[in-house]
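Source file: run_35.txt; contents: compact mmCIF, C-alpha atoms.
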```
# COMPACT_ATOMS: atom_id res chain seq x y z
CA MET R 23 1.97 -0.90 11.37
CA GLY R 24 4.71 -3.01 12.76
CA GLY R 25 5.20 -5.86 15.13
CA GLY R 26 6.41 -6.72 18.58
CA ASN R 27 7.51 -3.94 20.89
CA CYS R 28 8.98 -1.62 18.26
CA ASN R 29 8.54 2.11 18.43
CA PRO R 30 5.88 3.33 15.95
CA LYS R 31 8.47 5.81 14.68
CA ASP R 32 10.34 2.81 13.28
CA PHE R 33 7.64 2.32 10.66
CA GLY R 34 8.90 5.28 8.65
CA ALA R 35 12.49 3.99 8.55
CA ALA R 36 13.86 1.85 5.72
CA ALA R 37 16.22 0.09 8.14
CA TYR R 38 13.28 -1.18 10.19
CA TRP R 39 11.66 -2.82 7.16
CA GLU R 40 14.92 -4.35 5.95
CA ALA R 41 15.39 -5.93 9.38
CA ARG R 42 11.76 -7.01 9.61
CA TYR R 43 11.79 -8.79 6.26
CA SER R 44 15.12 -10.44 7.06
CA SER R 45 13.61 -12.01 10.16
CA PRO R 46 12.65 -15.73 10.04
CA SER R 47 9.30 -14.87 11.65
CA THR R 48 8.31 -12.86 8.55
CA GLY R 49 9.63 -15.32 5.97
CA GLY R 50 13.15 -13.91 5.72
CA LYS R 51 16.55 -15.48 6.22
CA GLY R 52 16.26 -18.78 7.99
CA GLY R 53 12.51 -18.86 7.47
CA GLY R 54 12.42 -20.20 3.93
CA GLY R 55 10.99 -17.00 2.49
CA GLY R 56 7.48 -18.39 2.84
CA GLY R 57 5.85 -15.81 5.07
CA PHE R 58 3.05 -13.47 4.01
CA PHE R 59 1.31 -10.76 5.97
CA ASP R 60 -1.54 -8.43 5.03
CA TRP R 61 -1.96 -5.13 6.86
CA TYR R 62 -5.43 -3.89 7.76
CA GLN R 63 -7.63 -5.87 5.32
CA SER R 64 -7.50 -8.93 3.09
CA TYR R 65 -8.45 -9.01 -0.58
CA SER R 66 -11.72 -10.78 0.17
CA ALA R 67 -12.84 -7.77 2.25
CA LEU R 68 -11.66 -5.23 -0.32
CA ARG R 69 -12.81 -7.13 -3.41
CA PRO R 70 -16.34 -5.67 -3.74
CA LEU R 71 -15.03 -2.13 -3.85
CA LEU R 72 -12.02 -2.95 -6.02
CA ARG R 73 -14.12 -4.78 -8.59
CA ALA R 74 -16.67 -1.95 -8.61
CA CYS R 75 -14.09 0.82 -9.04
CA VAL R 76 -11.08 -0.72 -10.77
CA PRO R 77 -11.45 -2.62 -14.08
CA THR R 78 -9.29 -5.74 -14.36
CA SER R 79 -7.57 -4.20 -17.41
CA SER R 80 -6.24 -1.31 -15.26
CA ARG R 81 -2.53 -0.77 -14.76
CA VAL R 82 -2.21 -0.82 -10.97
CA LEU R 83 0.60 0.45 -8.73
CA MET R 84 0.84 -1.13 -5.27
CA LEU R 85 2.65 1.19 -2.84
CA GLY R 86 4.65 -0.45 -0.06
CA CYS R 87 3.67 -3.94 -1.15
CA GLY R 88 5.66 -5.74 1.55
CA ASN R 89 4.93 -9.47 1.61
CA SER R 90 1.19 -9.00 1.22
CA LEU R 91 -0.99 -11.47 -0.71
CA LEU R 92 -3.19 -8.66 -2.07
CA SER R 93 -1.53 -8.40 -5.49
CA GLU R 94 -1.42 -12.17 -5.96
CA ASP R 95 -5.09 -12.48 -5.04
CA MET R 96 -5.98 -9.67 -7.45
CA VAL R 97 -4.19 -11.43 -10.31
CA LYS R 98 -5.97 -14.68 -9.46
CA ASP R 99 -9.20 -12.70 -9.74
CA GLY R 100 -8.40 -11.44 -13.22
CA TYR R 101 -6.26 -8.31 -12.85
CA GLN R 102 -3.69 -8.13 -15.63
CA ASN R 103 -0.95 -5.67 -14.69
CA ILE R 104 0.17 -4.88 -11.13
CA VAL R 105 3.44 -3.12 -10.40
CA ASN R 106 4.58 -3.59 -6.79
CA ILE R 107 7.08 -1.31 -5.09
CA ASP R 108 8.62 -1.23 -1.64
CA ILE R 109 11.53 0.56 0.04
CA SER R 110 12.91 -2.78 1.28
CA SER R 111 15.20 -4.51 -1.20
CA VAL R 112 14.97 -7.64 0.98
CA VAL R 113 11.22 -8.10 0.57
CA ILE R 114 11.31 -7.17 -3.12
CA GLU R 115 13.80 -9.97 -3.80
CA GLN R 116 11.66 -12.38 -1.77
CA MET R 117 8.52 -11.47 -3.70
CA LYS R 118 10.28 -11.61 -7.07
CA GLU R 119 11.33 -15.15 -6.28
CA LYS R 120 7.90 -16.20 -5.07
CA HIS R 121 6.12 -14.80 -8.12
CA MET R 122 8.70 -15.38 -10.85
CA ASP R 123 6.14 -17.46 -12.77
CA ILE R 124 3.44 -14.74 -12.69
CA PRO R 125 4.36 -12.17 -15.37
CA ARG R 126 1.36 -10.00 -14.48
CA LEU R 127 3.13 -9.16 -11.20
CA THR R 128 6.32 -7.09 -11.26
CA TYR R 129 8.39 -5.96 -8.27
CA MET R 130 10.74 -2.99 -7.90
CA GLN R 131 12.65 -1.46 -5.01
CA LEU R 132 11.64 2.22 -4.89
CA ASP R 133 11.10 4.99 -2.36
CA VAL R 134 7.54 6.32 -2.65
CA ARG R 135 8.85 9.86 -2.12
CA ASP R 136 10.67 9.65 -5.45
CA MET R 137 9.03 7.52 -8.15
CA SER R 138 10.64 9.39 -11.05
CA PHE R 139 11.32 6.02 -12.66
CA PHE R 140 7.71 6.22 -13.89
CA GLY R 141 6.43 8.87 -16.26
CA ASP R 142 3.48 11.15 -15.60
CA GLY R 143 0.09 9.45 -15.87
CA SER R 144 1.50 5.92 -15.79
CA PHE R 145 -1.24 4.24 -13.74
CA ASP R 146 -5.01 3.87 -13.72
CA CYS R 147 -5.10 2.98 -10.03
CA ILE R 148 -2.71 3.38 -7.11
CA ILE R 149 -3.36 1.31 -3.99
CA ASP R 150 -1.94 2.32 -0.62
CA LYS R 151 -2.63 -0.12 2.22
CA GLY R 152 -0.88 1.48 5.17
CA THR R 153 2.03 3.16 3.38
CA LEU R 154 0.88 6.73 4.03
CA ASP R 155 0.42 5.77 7.67
CA ALA R 156 4.01 4.51 7.78
CA MET R 157 5.24 7.74 6.17
CA MET R 158 3.53 9.70 8.93
CA CYS R 159 5.70 7.79 11.41
CA GLY R 160 8.94 8.86 9.72
CA ASP R 161 11.46 11.40 10.95
CA ASP R 162 10.58 13.62 8.00
CA ALA R 163 6.80 13.55 8.60
CA PRO R 164 4.68 15.17 7.36
CA HIS R 165 7.01 16.38 4.58
CA GLY R 166 7.76 12.84 3.38
CA ALA R 167 4.03 12.16 3.18
CA TYR R 168 3.52 15.31 1.09
CA LYS R 169 6.25 14.17 -1.31
CA MET R 170 4.61 10.78 -1.65
CA LEU R 171 1.16 12.25 -2.34
CA ALA R 172 2.59 14.64 -4.92
CA GLU R 173 4.10 11.65 -6.69
CA VAL R 174 0.80 9.76 -6.46
CA ALA R 175 -1.02 12.69 -8.09
CA ARG R 176 1.63 12.89 -10.83
CA LEU R 177 1.50 9.19 -11.64
CA MET R 178 -2.27 8.85 -11.96
CA ARG R 179 -3.91 9.11 -15.34
CA PRO R 180 -6.88 11.50 -15.72
CA GLY R 181 -9.82 9.87 -13.96
CA GLY R 182 -7.48 7.56 -12.06
CA ILE R 183 -8.14 6.23 -8.58
CA TYR R 184 -6.01 6.45 -5.44
CA MET R 185 -7.27 3.89 -2.93
CA LEU R 186 -6.01 4.70 0.54
CA ILE R 187 -6.56 2.15 3.31
CA THR R 188 -5.63 3.93 6.52
CA TYR R 189 -5.95 4.07 10.29
CA GLY R 190 -5.84 7.88 10.07
CA ALA R 191 -8.92 9.91 10.86
CA PRO R 192 -10.59 11.24 7.68
CA LYS R 193 -10.07 14.87 8.75
CA GLU R 194 -6.33 14.26 9.22
CA ARG R 195 -5.92 12.46 5.90
CA LEU R 196 -7.91 15.10 4.04
CA THR R 197 -5.60 17.74 5.46
CA LEU R 198 -2.65 15.87 3.95
CA LEU R 199 -4.36 15.50 0.59
CA ASN R 200 -5.21 19.18 0.47
CA GLN R 201 -1.52 20.05 0.75
CA VAL R 202 -1.06 18.64 -2.75
CA GLN R 203 -1.93 21.00 -5.60
CA CYS R 204 -4.53 18.66 -7.02
CA CYS R 205 -8.32 18.44 -7.21
CA TRP R 206 -9.37 15.31 -5.33
CA GLU R 207 -12.87 13.89 -5.47
CA VAL R 208 -13.19 11.94 -2.25
CA GLU R 209 -15.42 9.02 -1.29
CA LEU R 210 -15.20 7.56 2.21
CA TYR R 211 -15.90 3.94 3.12
CA ILE R 212 -15.70 2.53 6.64
CA MET R 213 -14.77 -1.14 6.73
CA ARG R 214 -15.94 -3.59 9.34
CA LYS R 215 -13.51 -4.53 12.08
CA PHE R 216 -10.86 -6.91 10.76
CA GLU R 217 -9.22 -9.23 13.28
CA MET R 218 -5.88 -10.32 11.86
CA SER R 219 -4.06 -13.40 13.01
CA SER R 220 -1.12 -11.35 14.29
CA PRO R 221 -0.35 -11.76 18.00
CA HIS R 222 0.54 -8.07 18.25
CA SER R 223 -2.24 -6.05 19.85
CA GLU R 224 -1.41 -2.88 17.92
CA GLU R 225 -2.30 -4.71 14.71
CA ARG R 226 -5.91 -5.28 15.80
CA ALA R 227 -8.23 -2.38 15.17
CA GLN R 228 -11.20 -1.11 13.24
CA VAL R 229 -9.83 0.30 10.03
CA PRO R 230 -11.38 3.10 8.00
CA PHE R 231 -11.02 2.57 4.26
CA LEU R 232 -10.73 5.73 2.20
CA PRO R 233 -10.57 5.38 -1.57
CA TYR R 234 -9.59 8.76 -3.03
CA THR R 235 -10.55 9.33 -6.64
CA LEU R 236 -8.54 11.82 -8.66
CA LEU R 237 -10.39 13.30 -11.65
```
Rewrite the coordinates I just gave you, this time as structure tokens.
Amino acid sequence: MGGGNCNPKDFGAAAYWEARYSSPSTGGKGGGGGGFFDWYQSYSALRPLLRACVPTSSRVLMLGCGNSLLSEDMVKDGYQNIVNIDISSVVIEQMKEKHMDIPRLTYMQLDVRDMSFFGDGSFDCIIDKGTLDAMMCGDDAPHGAYKMLAEVARLMRPGGIYMLITYGAPKERLTLLNQVQCCWEVELYIMRKFEMSSPHSEERAQVPFLPYTLL
């Protein structure tokens, strides 16, 4: 997660993301707001699993949406209701503007450690493409990650799906999940290596894809 020569610890800080999304190189001020960037995997790579596991009628929550094209591509493919949240107010305003004509996409500035805005069991599917990894870089790690996962468990409807796309080793991520008082049924998928167009070497890696299903 991240770009340039930043310290990985920055990825858990709200100030880092506000600055990143204000930068012209990421579509912020002075850049016309036209930039998009997808961490880890694109929708085309994730589509087979998403379509197999997540009906298009599902209410979906996208954690740490950033300026990713994933939600837009999902709506183009038939998904009806995707709520996108991010800690950065800058990127949320950018994405609201870009998708103002797509009512199936909504955007809200929220901290994943406190999503009390939503009631229990609000979502059929919660997608996390790198957000847990960012939380593990924060000053409050791993406690912030535990708070986020507790909120994820609270927000999922019975039989809901938590799809976690992560660089973390399965053993490490399972340890985090087991800290939450919840019964997780886990399926592990390893994705093929995805070479992104980013010039930053730390953004090129083979990414394990772990969709966690909560029953």
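Across R:Arg195, R:Gly141, R:Val105, R:Pro180, the tightest approach to R:Leu210 is made by R:Arg195 when counting only C-alpha atoms.
Interatomic distance, atom CA of R:Asp150 against atom CA of R:Ile187: 6.1 Å.
The smallest atom-to-atom distance between R:Pro125 and any of R:Lys151, R:Tyr101, R:Met213, R:Gly160, using all atoms listed in the file, is found for R:Tyr101.
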Item to complete: Would you mind listing what lies within 12 Å of stretch 91-97 of chain R as an MDAnalysis selection string, with only C-alpha atoms counted and same-chain residues fewer than 2 positions away left out?
Response: chainID R and resid 56:70 72:73 76:89 99:107 117:118 120:129 148:151
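Straight-line separation from atom CA of R:Asp133 to atom CA of R:Val174: 12.1 Å.
With distances restricted to all atoms listed in the file, R:Ala36 is the closest residue to R:Ser110 from R:Met157, R:Ala36, R:Ala175, R:Met137.
Straight-line separation from atom CA of R:Tyr43 to atom CA of R:Phe139: 24.0 Å.
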Calculate, to one decimal in Å, the centre and edge lengths of the box along x, y and z of the file that holds all listed atoms of stretch 166-184 of chain R with 5 Å of margin on each side, and present them as lines of an AutoDock Vina configuration file.
```
center_x = -1.0
center_y = 10.8
center_z = -6.2
size_x = 27.6
size_y = 19.1
size_z = 29.1
```
Practice prompt. Would you kindly return, as a ChimeraX atom specification, each protein, DNA or RNA residue with an atom no farther than 10 Å from any atom of R:Glu173, considering all atoms listed in the file and excluding same-chain residues fewer than 4 positions away?
Written response: /R:134-138,140,142,167-169,177-178,202
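Of the listed residues (R:Met130, R:Ala163, R:Ser45, R:Pro192), R:Pro192 comes nearest to R:Glu209; the distances count all atoms listed in the file.
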Item to complete: May I ask which of the residues R:Gln201, R:Cys147, R:Glu115, R:Gly190 is the closest one to R:His165, counting only C-alpha atoms?
Response: R:Gln201
